[in-house]
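Asker: Sharing data-v7.cif, mmCIF, C-alpha atoms:
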data_structure
loop_
_atom_site.label_atom_id
_atom_site.label_comp_id
_atom_site.auth_asym_id
_atom_site.auth_seq_id
_atom_site.Cartn_x
_atom_site.Cartn_y
_atom_site.Cartn_z
CA MET V 29 192.28 117.67 213.46
CA HIS V 30 192.94 114.84 215.93
CA LYS V 31 193.75 112.54 213.02
CA ILE V 32 196.28 114.99 211.60
CA VAL V 33 197.89 115.43 215.00
CA SER V 34 198.02 111.69 215.56
CA ILE V 35 199.57 111.08 212.11
CA LEU V 36 202.06 113.85 212.81
CA PHE V 37 202.84 112.24 216.14
CA PHE V 38 203.65 108.88 214.61
CA ILE V 39 205.66 110.34 211.78
CA LEU V 40 207.63 112.34 214.34
CA LEU V 41 207.94 109.36 216.65
CA PHE V 42 209.50 107.14 214.01
CA VAL V 43 211.54 109.79 212.26
CA ILE V 44 212.88 111.04 215.56
CA LYS V 45 213.40 107.55 216.93
CA SER V 46 215.48 106.73 213.87
CA ASN V 47 217.46 109.98 214.30
CA ALA V 48 217.59 109.38 218.07
CA GLN V 49 216.73 112.97 219.04
CA PRO V 50 214.38 113.96 221.82
CA TYR V 51 210.86 113.71 220.44
CA THR V 52 208.17 116.34 220.28
CA LEU V 53 204.77 116.92 218.77
CA ASP V 54 205.70 120.47 217.84
CA LYS V 55 206.51 120.61 214.13
CA LYS V 56 208.19 124.00 214.60
CA VAL V 57 210.97 122.34 216.53
CA LYS V 58 213.78 121.74 214.05
CA PRO V 59 216.92 120.83 215.98
CA ILE V 60 220.26 121.64 214.39
CA GLU V 61 223.02 119.08 214.49
CA LEU V 62 226.26 120.10 216.15
CA ARG V 63 228.64 118.15 213.95
CA LEU V 64 231.61 116.67 215.75
CA ILE V 65 234.98 116.82 214.09
CA GLU V 66 238.21 115.00 214.87
CA TYR V 67 240.37 116.52 217.57
CA ASN V 68 243.90 115.14 217.82
CA GLY V 69 245.07 117.05 220.87
CA GLU V 70 247.44 119.96 221.25
CA LYS V 71 251.16 120.06 220.58
CA GLY V 72 251.58 116.29 220.70
CA ASP V 73 249.51 115.87 223.88
CA THR V 74 246.80 113.34 223.02
CA THR V 75 245.26 113.09 226.52
CA TRP V 76 242.04 114.72 225.36
CA LYS V 77 242.01 113.33 221.82
CA GLY V 78 238.47 112.74 220.61
CA LYS V 79 235.86 114.74 218.74
CA VAL V 80 234.86 118.34 219.22
CA ASN V 81 232.41 121.03 218.16
CA PHE V 82 232.63 124.75 218.80
CA THR V 83 229.67 126.84 217.71
CA THR V 84 228.92 130.53 218.16
CA VAL V 85 225.25 131.44 218.13
CA THR V 86 223.60 134.82 217.78
CA PRO V 87 220.05 133.91 218.79
CA GLN V 88 217.26 135.08 216.51
CA LYS V 89 214.53 133.15 218.30
CA ASP V 90 213.69 132.81 221.98
CA THR V 91 214.30 129.06 221.87
CA THR V 92 216.83 127.26 219.70
CA TYR V 93 217.25 123.49 219.55
CA PHE V 94 220.46 121.57 218.85
CA PHE V 95 221.53 117.96 219.06
CA VAL V 96 224.68 115.87 219.06
CA LYS V 97 224.57 112.32 217.71
CA GLY V 98 226.79 109.28 217.15
CA LEU V 99 227.70 108.75 220.82
CA SER V 100 228.65 105.55 222.58
CA VAL V 101 227.88 105.02 226.24
CA TYR V 102 231.61 104.31 226.63
CA GLN V 103 232.64 107.84 225.67
CA PRO V 104 232.98 110.69 228.18
CA ILE V 105 231.07 113.80 227.09
CA TYR V 106 231.72 117.38 228.14
CA PHE V 107 229.38 120.20 227.15
CA SER V 108 229.75 123.85 228.07
CA THR V 109 228.25 127.22 227.23
CA THR V 110 230.06 130.52 227.57
CA GLY V 111 229.01 134.11 226.97
CA LYS V 112 227.78 137.37 228.46
CA ASN V 113 224.14 136.51 227.82
CA LYS V 114 222.83 136.61 231.41
CA ASN V 115 219.34 135.58 230.32
CA LEU V 116 220.43 132.34 228.74
CA GLU V 117 218.92 129.12 230.04
CA ILE V 118 220.40 125.80 229.00
CA LYS V 119 218.52 122.50 229.03
CA LEU V 120 220.03 119.16 228.13
CA CYS V 121 217.38 116.64 227.09
CA LYS V 122 217.44 112.93 226.34
CA ASP V 123 214.00 111.51 225.52
CA THR V 124 211.76 114.56 225.16
CA TRP V 125 212.26 118.31 224.91
CA LYS V 126 209.63 118.75 227.63
CA ASN V 127 211.58 116.90 230.30
CA SER V 128 215.11 118.23 230.61
CA ASN V 129 217.74 116.11 232.34
CA GLN V 130 220.26 118.82 233.22
CA ASN V 131 219.66 122.56 233.50
CA GLY V 132 221.87 125.59 233.78
CA ASN V 133 222.12 129.33 233.10
CA LEU V 134 224.65 132.14 232.74
CA LYS V 135 223.08 134.40 235.40
CA THR V 136 225.98 134.34 237.84
CA SER V 137 228.81 133.06 235.71
CA ASP V 138 230.03 133.41 232.12
CA LYS V 139 230.28 129.65 231.86
CA TRP V 140 228.12 126.61 232.50
CA SER V 141 229.30 123.07 231.94
CA ALA V 142 228.27 119.45 232.41
CA ASN V 143 229.99 116.13 231.94
CA PHE V 144 228.07 112.92 231.47
CA LYS V 145 227.73 109.74 229.40
CA THR V 146 224.90 108.63 227.15
CA GLU V 147 224.18 106.30 224.25
CA GLY V 148 223.13 107.61 220.84
CA SER V 149 222.47 111.33 221.12
CA PHE V 150 221.31 114.20 223.31
CA GLY V 151 219.44 117.42 222.72
CA ILE V 152 220.33 120.97 223.77
CA MET V 153 217.64 123.58 224.28
CA MET V 154 218.80 127.20 224.51
CA ILE V 155 216.24 129.70 225.82
CA THR V 156 216.82 133.45 225.88
CA LYS V 157 214.95 136.68 225.17
CA SER V 158 218.25 138.48 224.61
CA ARG V 159 220.05 138.53 221.25
CA GLU V 160 223.48 138.51 222.87
CA PRO V 161 225.68 135.80 221.30
CA TYR V 162 226.89 132.73 223.18
CA GLN V 163 229.25 129.86 222.46
CA MET V 164 228.70 126.15 222.78
CA PHE V 165 231.56 123.73 223.22
CA THR V 166 231.13 119.96 222.97
CA TRP V 167 233.91 117.46 223.48
CA VAL V 168 233.50 113.69 223.17
CA GLY V 169 236.43 111.56 224.29
CA LYS V 170 237.73 108.30 222.94
CA PRO V 171 235.74 105.28 224.13
CA ILE V 172 237.19 103.65 227.23
CA ARG V 173 239.01 100.36 226.76
CA GLY V 174 238.87 97.00 228.52
CA LYS V 175 241.74 97.96 230.82
CA ASP V 176 239.70 100.93 232.09
CA ILE V 177 236.85 98.84 233.51
CA ALA V 178 236.77 97.14 236.92
CA PRO V 179 238.51 93.73 236.69
CA PRO V 180 236.66 90.59 237.85
CA PHE V 181 239.72 89.31 239.74
CA LYS V 182 240.52 88.98 243.44
CA LYS V 183 243.36 91.09 244.76
CA GLN V 184 246.06 88.61 245.66
CA GLU V 185 249.75 88.08 245.25
CA VAL V 186 250.74 84.77 243.67
CA LYS V 187 254.30 84.21 242.57
CA ALA V 188 253.65 83.16 239.00
CA GLU V 189 257.24 83.79 238.00
CA LYS V 190 258.62 81.10 240.32
CA LYS V 191 256.45 78.39 238.81
CA SER V 192 257.21 79.42 235.28
CA LYS V 193 260.95 79.47 236.03
CA THR V 194 260.76 75.97 237.52
CA LYS V 195 258.89 74.87 234.41
CA THR V 196 261.62 76.30 232.18
CA LYS V 197 264.40 74.57 234.14
CA LYS V 198 262.70 71.17 233.83
CA GLN V 199 262.58 71.54 230.06
CA MET D 8 197.71 123.79 180.86
CA LYS D 9 196.69 124.21 184.50
CA ILE D 10 198.21 120.82 185.29
CA ILE D 11 201.51 121.74 183.60
CA ILE D 12 201.71 125.03 185.53
CA THR D 13 200.87 123.26 188.79
CA VAL D 14 203.52 120.59 188.17
CA LEU D 15 206.07 123.28 187.25
CA PHE D 16 205.35 125.19 190.46
CA LEU D 17 205.55 121.98 192.47
CA VAL D 18 208.91 121.02 190.92
CA LEU D 19 210.22 124.56 191.48
CA TYR D 20 209.02 124.54 195.07
CA LEU D 21 210.57 121.16 195.85
CA HIS D 22 213.79 122.10 194.07
CA ASN D 23 214.17 125.37 195.99
CA ASN D 24 213.32 123.80 199.32
CA ALA D 25 215.68 120.89 198.85
CA GLN D 26 218.57 123.19 197.96
CA THR D 27 218.07 126.02 200.38
CA TYR D 28 216.75 124.32 203.48
CA PRO D 29 220.03 124.01 205.41
CA THR D 30 221.03 127.59 204.51
CA ILE D 31 217.68 129.02 205.55
CA GLN D 32 217.76 127.04 208.75
CA GLU D 33 221.27 128.10 209.64
CA GLN D 34 220.61 131.73 208.80
CA ALA D 35 217.36 131.74 210.72
CA GLU D 36 219.01 130.37 213.82
CA GLY D 37 222.09 132.53 213.41
CA VAL D 38 224.45 129.61 213.67
CA ALA D 39 228.06 129.64 212.63
CA GLN D 40 229.12 126.04 212.39
CA ALA D 41 232.78 125.21 212.81
CA ALA D 42 233.71 123.10 209.80
CA ALA D 43 236.52 120.60 209.82
CA ASP D 44 238.89 122.74 207.75
CA GLU D 45 238.03 125.80 209.83
CA TRP D 46 239.03 124.03 213.02
CA GLY D 47 242.72 123.89 212.06
CA ALA D 48 242.68 127.62 211.30
CA ILE D 49 241.06 128.40 214.66
CA ARG D 50 243.55 126.31 216.61
CA GLY D 51 246.49 127.70 214.66
CA ASN D 52 245.84 131.28 215.80
CA ASP D 53 247.16 132.27 219.22
CA ASP D 54 246.75 136.04 219.01
CA PRO D 55 243.85 136.86 221.43
CA THR D 56 243.31 140.28 219.84
CA THR D 57 242.06 138.72 216.59
CA PRO D 58 238.54 137.21 216.37
CA ARG D 59 239.97 133.76 215.65
CA GLY D 60 242.47 134.13 218.48
CA ALA D 61 239.66 135.14 220.86
CA ILE D 62 237.76 131.98 219.98
CA ASN D 63 240.96 130.05 220.45
CA ALA D 64 241.33 131.52 223.94
CA ILE D 65 237.79 130.38 224.85
CA ILE D 66 238.55 126.88 223.60
CA ASN D 67 241.82 126.83 225.57
CA SER D 68 239.90 127.79 228.70
CA GLN D 69 237.54 124.86 228.08
CA PHE D 70 240.37 122.37 227.85
CA SER D 71 242.05 123.85 230.92
CA THR D 72 238.97 122.92 233.00
CA PHE D 73 239.44 119.27 232.01
CA GLY D 74 242.52 119.09 234.25
CA GLY D 75 240.32 119.83 237.28
CA LEU D 76 237.80 117.16 236.31
CA ALA D 77 240.05 114.16 235.70
CA ASP D 78 243.54 113.07 234.65
CA ASN D 79 242.39 111.53 231.39
CA ALA D 80 239.35 110.54 229.32
CA ALA D 81 238.84 107.24 231.17
CA GLY D 82 238.93 109.08 234.51
CA LEU D 83 236.36 111.56 233.26
CA TRP D 84 234.15 108.70 232.04
CA ASN D 85 234.37 106.98 235.42
CA SER D 86 233.43 110.15 237.30
CA SER D 87 230.53 110.99 234.95
CA ASN D 88 226.92 110.02 235.55
CA ALA D 89 224.37 109.12 232.89
CA LEU D 90 222.65 112.14 231.35
CA SER D 91 219.18 110.92 232.24
CA ASN D 92 217.97 108.98 235.28
CA ASN D 93 216.27 106.59 232.86
CA ASP D 94 219.50 106.13 230.91
CA CYS D 95 221.28 102.88 231.54
CA SER D 96 224.83 103.37 232.79
CA PRO D 97 227.37 100.53 232.31
CA GLU D 98 228.10 98.66 235.52
CA PHE D 99 231.19 96.44 235.75
CA SER D 100 231.46 95.68 239.43
CA THR D 101 231.57 91.99 240.31
CA SER D 102 230.25 90.38 243.47
CA ASN D 103 232.99 89.08 245.80
CA ASP D 104 231.45 85.59 245.60
CA VAL D 105 232.34 85.21 241.92
CA LEU D 106 235.64 87.09 241.74
CA MET D 107 238.33 84.97 240.11
CA THR D 108 242.00 84.43 240.91
CA ALA D 109 244.80 85.44 238.56
CA ALA D 110 248.28 84.10 239.09
CA CYS D 111 250.08 86.48 236.76
CA ARG D 112 250.71 89.75 238.57
CA GLY D 113 253.11 92.13 236.92
CA ALA D 114 255.48 89.40 235.72
CA THR D 115 256.52 90.22 232.18
CA GLU D 116 256.96 86.58 231.24
CA CYS D 117 253.29 85.66 231.66
CA GLU D 118 251.84 89.13 231.05
CA GLU D 119 251.60 88.97 227.27
CA ASP D 120 249.89 85.59 227.41
CA TYR D 121 247.37 86.72 230.02
CA THR D 122 246.71 90.09 228.41
CA LYS D 123 245.36 88.47 225.24
CA ALA D 124 242.86 86.39 227.24
CA VAL D 125 241.84 89.31 229.47
CA ASP D 126 241.34 91.58 226.43
CA LYS D 127 239.00 89.01 224.91
CA MET D 128 237.06 88.71 228.18
CA ASN D 129 236.82 92.48 228.61
CA GLY D 130 235.71 92.92 224.99
CA ALA D 131 232.86 90.49 225.65
CA ARG D 132 231.98 92.16 228.97
CA MET D 133 231.79 95.59 227.35
CA ALA D 134 229.74 94.32 224.41
CA LEU D 135 227.26 92.55 226.72
CA GLU D 136 226.89 95.60 228.96
CA ARG D 137 226.38 98.01 226.05
CA MET D 138 223.80 95.68 224.50
CA LYS D 139 221.95 95.51 227.82
CA CYS D 140 221.97 99.32 228.03
CA ILE D 141 220.65 99.78 224.48
CA TYR D 142 217.92 97.22 225.19
CA GLU D 143 216.86 98.86 228.45
CA ASN D 144 216.87 102.36 226.95
CA THR D 145 214.77 101.22 223.98
CA LYS D 146 212.40 99.37 226.31
CA ASN D 147 211.90 102.51 228.41
CA PHE D 148 211.38 104.65 225.31
CA THR D 149 208.89 102.15 223.83
CA THR D 150 206.97 101.84 227.09
CA SER D 151 206.68 105.65 227.30
CA ALA D 152 205.58 105.95 223.67
CA ILE D 153 202.93 103.24 224.07
CA ALA D 154 201.64 104.75 227.32
CA PHE D 155 201.44 108.15 225.61
CA GLY D 156 199.63 106.71 222.58
CA ASP D 157 197.21 104.69 224.71
CA SER D 158 196.17 107.74 226.70
CA TYR D 159 195.95 109.96 223.60
CA SER D 160 193.98 107.50 221.42
CA GLY D 161 191.00 107.66 223.80
CA PHE D 162 190.08 111.14 222.54
CA HIS D 163 189.05 110.18 219.04
CA ALA D 164 187.59 107.00 217.50
CA MET D 165 189.64 107.28 214.25
CA SER D 166 192.87 108.08 216.00
CA GLY D 167 192.13 105.14 218.30
CA ALA D 168 191.92 102.77 215.31
CA ALA D 169 195.05 104.27 213.72
CA TRP D 170 196.86 103.98 217.02
CA GLN D 171 196.11 100.25 217.26
CA VAL D 172 197.84 99.73 213.89
CA GLU D 173 200.84 101.82 214.94
CA ARG D 174 200.90 100.20 218.36
CA ALA D 175 201.22 96.79 216.68
CA LYS D 176 204.11 98.16 214.58
CA ILE D 177 205.91 99.47 217.66
CA ASN D 178 205.44 96.14 219.41
CA LYS D 179 206.71 94.28 216.34
CA SER D 180 209.76 96.54 216.16
CA PHE D 181 210.49 95.89 219.84
CA SER D 182 209.96 92.18 219.31
CA ASN D 183 212.60 92.30 216.52
CA LEU D 184 214.97 93.99 218.94
CA LYS D 185 214.38 91.14 221.40
CA GLN D 186 215.33 88.62 218.72
CA THR D 187 218.47 90.60 217.87
CA TYR D 188 219.35 90.76 221.55
CA ASP D 189 218.99 87.01 221.96
CA ARG D 190 221.12 86.35 218.87
CA LYS D 191 223.86 88.75 219.96
CA TYR D 192 223.69 87.42 223.51
CA GLU D 193 224.71 83.97 222.25
CA GLU D 194 227.54 85.51 220.23
CA PHE D 195 228.96 87.66 223.04
CA ILE D 196 228.52 85.03 225.76
CA LYS D 197 230.48 82.58 223.57
CA LEU D 198 233.22 85.21 223.20
CA LEU D 199 233.32 85.52 226.99
CA LYS D 200 233.64 81.77 227.41
CA ASP D 201 236.43 81.67 224.80
CA GLY D 202 238.26 84.35 226.79
CA LEU D 203 237.79 82.45 230.05
CA LEU D 204 239.05 79.23 228.48
CA GLU D 205 242.09 81.06 227.11
CA PHE D 206 242.69 82.39 230.60
CA ASP D 207 242.35 78.82 231.90
CA GLY D 208 245.11 77.82 229.46
CA CYS D 209 247.36 80.58 230.85
CA GLU D 210 246.70 79.47 234.42
CA SER D 211 247.58 75.87 233.51
CA ARG D 212 250.87 77.03 232.01
CA TYR D 213 251.93 79.41 234.77
CA ALA D 214 250.08 78.42 237.94
CA GLN D 215 247.41 75.78 238.45
CA ALA D 216 245.41 73.35 236.33
CA GLY D 217 241.61 73.29 236.61
CA TRP D 218 241.20 77.08 237.01
CA TYR D 219 238.05 77.19 234.87
CA GLN D 220 236.34 74.49 236.96
CA ARG D 221 237.25 76.24 240.20
CA TYR D 222 236.68 79.91 239.31
CA GLY D 223 235.85 80.56 235.66
CA PHE D 224 232.75 78.38 235.58
CA ILE D 225 231.04 80.16 238.51
CA TYR D 226 231.81 83.57 236.99
CA PHE D 227 230.56 82.45 233.59
CA GLU D 228 227.28 81.14 235.04
CA MET D 229 226.76 84.45 236.85
CA MET D 230 227.37 86.39 233.63
CA LYS D 231 224.97 84.16 231.69
CA THR D 232 222.21 84.92 234.18
CA ARG D 233 223.05 88.62 234.37
CA TYR D 234 222.70 89.21 230.65
CA LYS D 235 219.98 86.70 229.77
CA ARG D 236 216.90 88.64 228.75
CA ALA D 237 214.34 88.22 231.53
CA ASP D 238 211.22 89.58 229.81
#
Kindly return the structure encoded in the file as structure tokens.
Answerer:
Amino acid sequence: MHKIVSILFFILLFVIKSNAQPYTLDKKVKPIELRLIEYNGEKGDTTWKGKVNFTTVTPQKDTTYFFVKGLSVYQPIYFSTTGKNKNLEIKLCKDTWKNSNQNGNLKTSDKWSANFKTEGSFGIMMITKSREPYQMFTWVGKPIRGKDIAPPFKKQEVKAEKKSKTKTKKQ
Amino acid sequence: MKIIITVLFLVLYLHNNAQTYPTIQEQAEGVAQAAADEWGAIRGNDDPTTPRGAINAIINSQFSTFGGLADNAAGLWNSSNALSNNDCSPEFSTSNDVLMTAACRGATECEEDYTKAVDKMNGARMALERMKCIYENTKNFTTSAIAFGDSYSGFHAMSGAAWQVERAKINKSFSNLKQTYDRKYEEFIKLLKDGLLEFDGCESRYAQAGWYQRYGFIYFEMMKTRYKRAD
């Protein structure tokens, strides 16, 4: 039995490592990918252009597992859950399903959201005894660019134009 | 005959499972996945009394919260933390001791020239930082997996022997990553130096000669140390 479990562990470890999902020893855990699709903004406004997924779930199990993949650490990520399911618990997981990194619920509000950054993928664990539907919304922004990061330059005012003008006159 | 029947059943089983697995899974979980072509239809419907319009209204409410979080995607990225405490988060701050001077400030004449050099430098900085993050995340994951395996393998002699084989594989895989890191390090650090030397050229043209010797060199040496693999 131990041998089977250990083989299962290593198969899971390498399969999951290659898929970059949180790992588990439980073979019943079959996370569903939330596929991201292109989002070009609304009515010409491209401020929030990126990728998006909107999924409605009518739970048929107490715990359902999802994951989002293909993320760069340079992309902003926004995840939210909405619905009237007051019993819903949300867990966002990185390395393992056992240790969640962000938690929430819909007890007091119809909406729970989180924004963060991560490399590769993240897992979403939805726990509820109720069969009331809920919605999941994932938005992944465009990666930041060089101009968005802190510059390695001192703040100073040097009149570069003057020198360049002098240079032009000499020529 | 028994073999033929067994093979037939096996083929049938594999065939059915391969074809129906995603459907079964989606049905079992009760998931309605928004497909790419469906997305346009959802966003095109503004009537909140229709099911599509209701979904549209929820999505609109999601995007409306973005305005309260940040002005744009870069702002949201800057204000976001890493998902996990163990997750590496890119860090671009530079110590005051190695900050460099830049003569071109908002002057259109020099701007284009400088921008090309700065873009190259920033490209290298982002590549180095992302590589460092991937390396650190993988290192943490590998350390956890090995610690888990080491503690588990003590329960059973056979699993202990099997673990040693797998442990060696994990270590080899991590060792390959180290080699890749070192190779890419050389590539990205060269890109950074190229950018700094281009910047030096700009400074010579518009401000002062010898910028690299005075400022660029110190910054470059700091960056070399910062991203050199220490383990």
Asker: Looking at V:Tyr162, V:Phe181, V:Trp167, V:Phe94, which one is nearest to Asp138 of chain V, with distances taken over only C-alpha atoms?
Answerer: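 For Asp138 of chain V, the nearest of the given residues is V:Tyr162.
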Asker: Which of these, V:Lys157, V:Lys119, V:Arg63, V:Lys114, has the shortest distance to Val96 of chain V once you count all atoms listed in the file?
Answerer: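 Among the listed residues, the smallest separation from Val96 of chain V belongs to V:Arg63.
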Asker: Name the residues that the PyMOL selection byres ((chain D and resi 95-111) around 7) picks from the file above, as a PDB file with C-alpha atoms, keeping the file's coordinate frame, using the file's chain letters and numbers.
Answerer:
ATOM      1  CA  ILE V 177     236.850  98.840 233.510  1.00  0.00           C
ATOM      2  CA  ALA V 178     236.770  97.140 236.920  1.00  0.00           C
ATOM      3  CA  PRO V 180     236.660  90.590 237.850  1.00  0.00           C
ATOM      4  CA  PHE V 181     239.720  89.310 239.740  1.00  0.00           C
ATOM      5  CA  LYS V 182     240.520  88.980 243.440  1.00  0.00           C
ATOM      6  CA  VAL V 186     250.740  84.770 243.670  1.00  0.00           C
ATOM      7  CA  LYS V 187     254.300  84.210 242.570  1.00  0.00           C
ATOM      8  CA  ALA V 188     253.650  83.160 239.000  1.00  0.00           C
TER       9      ALA V 188
ATOM     10  CA  ALA D  89     224.370 109.120 232.890  1.00  0.00           C
ATOM     11  CA  ASN D  93     216.270 106.590 232.860  1.00  0.00           C
ATOM     12  CA  ASP D  94     219.500 106.130 230.910  1.00  0.00           C
ATOM     13  CA  ARG D 112     250.710  89.750 238.570  1.00  0.00           C
ATOM     14  CA  GLY D 113     253.110  92.130 236.920  1.00  0.00           C
ATOM     15  CA  ALA D 114     255.480  89.400 235.720  1.00  0.00           C
ATOM     16  CA  CYS D 117     253.290  85.660 231.660  1.00  0.00           C
ATOM     17  CA  GLU D 118     251.840  89.130 231.050  1.00  0.00           C
ATOM     18  CA  GLU D 136     226.890  95.600 228.960  1.00  0.00           C
ATOM     19  CA  ARG D 137     226.380  98.010 226.050  1.00  0.00           C
ATOM     20  CA  CYS D 140     221.970  99.320 228.030  1.00  0.00           C
ATOM     21  CA  GLU D 143     216.860  98.860 228.450  1.00  0.00           C
ATOM     22  CA  ASN D 144     216.870 102.360 226.950  1.00  0.00           C
ATOM     23  CA  GLU D 210     246.700  79.470 234.420  1.00  0.00           C
ATOM     24  CA  ALA D 214     250.080  78.420 237.940  1.00  0.00           C
ATOM     25  CA  TYR D 222     236.680  79.910 239.310  1.00  0.00           C
ATOM     26  CA  GLY D 223     235.850  80.560 235.660  1.00  0.00           C
ATOM     27  CA  ILE D 225     231.040  80.160 238.510  1.00  0.00           C
ATOM     28  CA  TYR D 226     231.810  83.570 236.990  1.00  0.00           C
TER      29      TYR D 226
END
Asker: For atom CA of Lys139 of chain D and atom CA of Ile65 of chain V, quote the distance in Å rounded to one decimal.
Answerer: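 We find that atom CA of Lys139 of chain D and atom CA of Ile65 of chain V lie 28.5 Å from each other.
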Asker: Could you list, as a VMD selection string, every residue within 10 Å of Thr149 of chain D, counting all atoms listed in the file and ignoring same-chain residues fewer than 3 positions away?
Answerer: (chain V and resid 45) or (chain D and resid 143 to 146 152 to 155 174 177 to 178 180 to 181)
Asker: Restricted to C-alpha atoms, what would the selected residues look like written as an mmCIF file, keeping the file's coordinate frame?
Answerer:
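Output (part.cif):
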data_model
loop_
_atom_site.group_PDB
_atom_site.id
_atom_site.type_symbol
_atom_site.label_atom_id
_atom_site.label_comp_id
_atom_site.auth_asym_id
_atom_site.auth_seq_id
_atom_site.Cartn_x
_atom_site.Cartn_y
_atom_site.Cartn_z
ATOM 1 C CA LYS V 45 213.400 107.550 216.930
ATOM 2 C CA GLU D 143 216.860 98.860 228.450
ATOM 3 C CA ASN D 144 216.870 102.360 226.950
ATOM 4 C CA THR D 145 214.770 101.220 223.980
ATOM 5 C CA LYS D 146 212.400 99.370 226.310
ATOM 6 C CA ALA D 152 205.580 105.950 223.670
ATOM 7 C CA ILE D 153 202.930 103.240 224.070
ATOM 8 C CA ALA D 154 201.640 104.750 227.320
ATOM 9 C CA PHE D 155 201.440 108.150 225.610
ATOM 10 C CA ARG D 174 200.900 100.200 218.360
ATOM 11 C CA ILE D 177 205.910 99.470 217.660
ATOM 12 C CA ASN D 178 205.440 96.140 219.410
ATOM 13 C CA SER D 180 209.760 96.540 216.160
ATOM 14 C CA PHE D 181 210.490 95.890 219.840
#
Asker: Identify, on the basis of all atoms listed in the file, every residue whose closest approach to Ser149 of chain V does not exceed 10 Å; exclude the query and any residue fewer than 4 positions from it along the same chain; express the result as a tab-separated table (two decimals) with C-alpha atoms, in the coordinates of the input.
Answerer:
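Ended up saving to part-v1.tsv:
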chain	number	residue	atom	x	y	z
V	47	ASN	CA	217.46	109.98	214.30
V	48	ALA	CA	217.59	109.38	218.07
V	49	GLN	CA	216.73	112.97	219.04
V	50	PRO	CA	214.38	113.96	221.82
V	95	PHE	CA	221.53	117.96	219.06
V	96	VAL	CA	224.68	115.87	219.06
V	97	LYS	CA	224.57	112.32	217.71
V	98	GLY	CA	226.79	109.28	217.15
V	99	LEU	CA	227.70	108.75	220.82
V	100	SER	CA	228.65	105.55	222.58
V	101	VAL	CA	227.88	105.02	226.24
V	121	CYS	CA	217.38	116.64	227.09
V	122	LYS	CA	217.44	112.93	226.34
V	123	ASP	CA	214.00	111.51	225.52
V	145	LYS	CA	227.73	109.74	229.40
Asker: Translate the PyMOL selection byres ((chain V and resi 110) around 8) into a concrete residue list for this structure, as an MDAnalysis selection string.
Answerer: chainID V and resid 108:109 111:112 134 138:140 162:164
Asker: Please tell me which residues are no farther than 12 Å from (236.5, 118.2, 232.4) in the file, counting all atoms listed in the file, and write them as a ChimeraX atom specification.
Answerer: /V:75-76,104-108,140-144,165-169 /D:68-87
Asker: Would you mind reading off the distance between atom CA of Arg132 of chain D and atom CA of Gly174 of chain V, one decimal, in Å?
Answerer: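 We find that atom CA of Arg132 of chain D and atom CA of Gly174 of chain V lie 8.4 Å from each other.
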Asker: Work out where the centre of an axis-aligned box around every listed atom of segment 184-188 of chain D lies and how long its edges are once 6 Å is added on each side; give both in Å to one decimal as lines of an AutoDock Vina configuration file.
Answerer:
center_x = 216.9
center_y = 91.3
center_z = 219.7
size_x = 17.0
size_y = 17.4
size_z = 15.7
Asker: Starting from the incomplete input, reconstruct N, CA and C atoms of segment 133-143 of chain V and write that as a PDB file, keeping the file's coordinate frame.
Answerer:
ATOM      1  N   ASN V 133     222.322 127.976 233.623  1.00  0.00           N
ATOM      2  CA  ASN V 133     222.120 129.330 233.100  1.00  0.00           C
ATOM      3  C   ASN V 133     223.429 130.126 233.238  1.00  0.00           C
ATOM      4  N   LEU V 134     223.443 131.309 232.671  1.00  0.00           N
ATOM      5  CA  LEU V 134     224.650 132.140 232.740  1.00  0.00           C
ATOM      6  C   LEU V 134     224.407 133.370 233.632  1.00  0.00           C
ATOM      7  N   LYS V 135     223.433 133.253 234.545  1.00  0.00           N
ATOM      8  CA  LYS V 135     223.080 134.400 235.400  1.00  0.00           C
ATOM      9  C   LYS V 135     224.254 134.879 236.240  1.00  0.00           C
ATOM     10  N   THR V 136     224.919 133.936 236.899  1.00  0.00           N
ATOM     11  CA  THR V 136     225.980 134.340 237.840  1.00  0.00           C
ATOM     12  C   THR V 136     227.390 134.084 237.317  1.00  0.00           C
ATOM     13  N   SER V 137     227.483 133.352 236.247  1.00  0.00           N
ATOM     14  CA  SER V 137     228.810 133.060 235.710  1.00  0.00           C
ATOM     15  C   SER V 137     228.779 133.120 234.185  1.00  0.00           C
ATOM     16  N   ASP V 138     229.967 133.356 233.585  1.00  0.00           N
ATOM     17  CA  ASP V 138     230.030 133.410 232.120  1.00  0.00           C
ATOM     18  C   ASP V 138     230.095 132.020 231.504  1.00  0.00           C
ATOM     19  N   LYS V 139     230.090 131.009 232.378  1.00  0.00           N
ATOM     20  CA  LYS V 139     230.280 129.650 231.860  1.00  0.00           C
ATOM     21  C   LYS V 139     229.428 128.654 232.626  1.00  0.00           C
ATOM     22  N   TRP V 140     228.817 127.735 231.874  1.00  0.00           N
ATOM     23  CA  TRP V 140     228.120 126.610 232.500  1.00  0.00           C
ATOM     24  C   TRP V 140     228.564 125.340 231.808  1.00  0.00           C
ATOM     25  N   SER V 141     228.844 124.310 232.579  1.00  0.00           N
ATOM     26  CA  SER V 141     229.300 123.070 231.940  1.00  0.00           C
ATOM     27  C   SER V 141     228.721 121.842 232.607  1.00  0.00           C
ATOM     28  N   ALA V 142     228.746 120.733 231.878  1.00  0.00           N
ATOM     29  CA  ALA V 142     228.270 119.450 232.410  1.00  0.00           C
ATOM     30  C   ALA V 142     229.065 118.344 231.761  1.00  0.00           C
ATOM     31  N   ASN V 143     229.389 117.324 232.540  1.00  0.00           N
ATOM     32  CA  ASN V 143     229.990 116.130 231.940  1.00  0.00           C
ATOM     33  C   ASN V 143     229.145 114.915 232.277  1.00  0.00           C
TER      34      ASN V 143
END
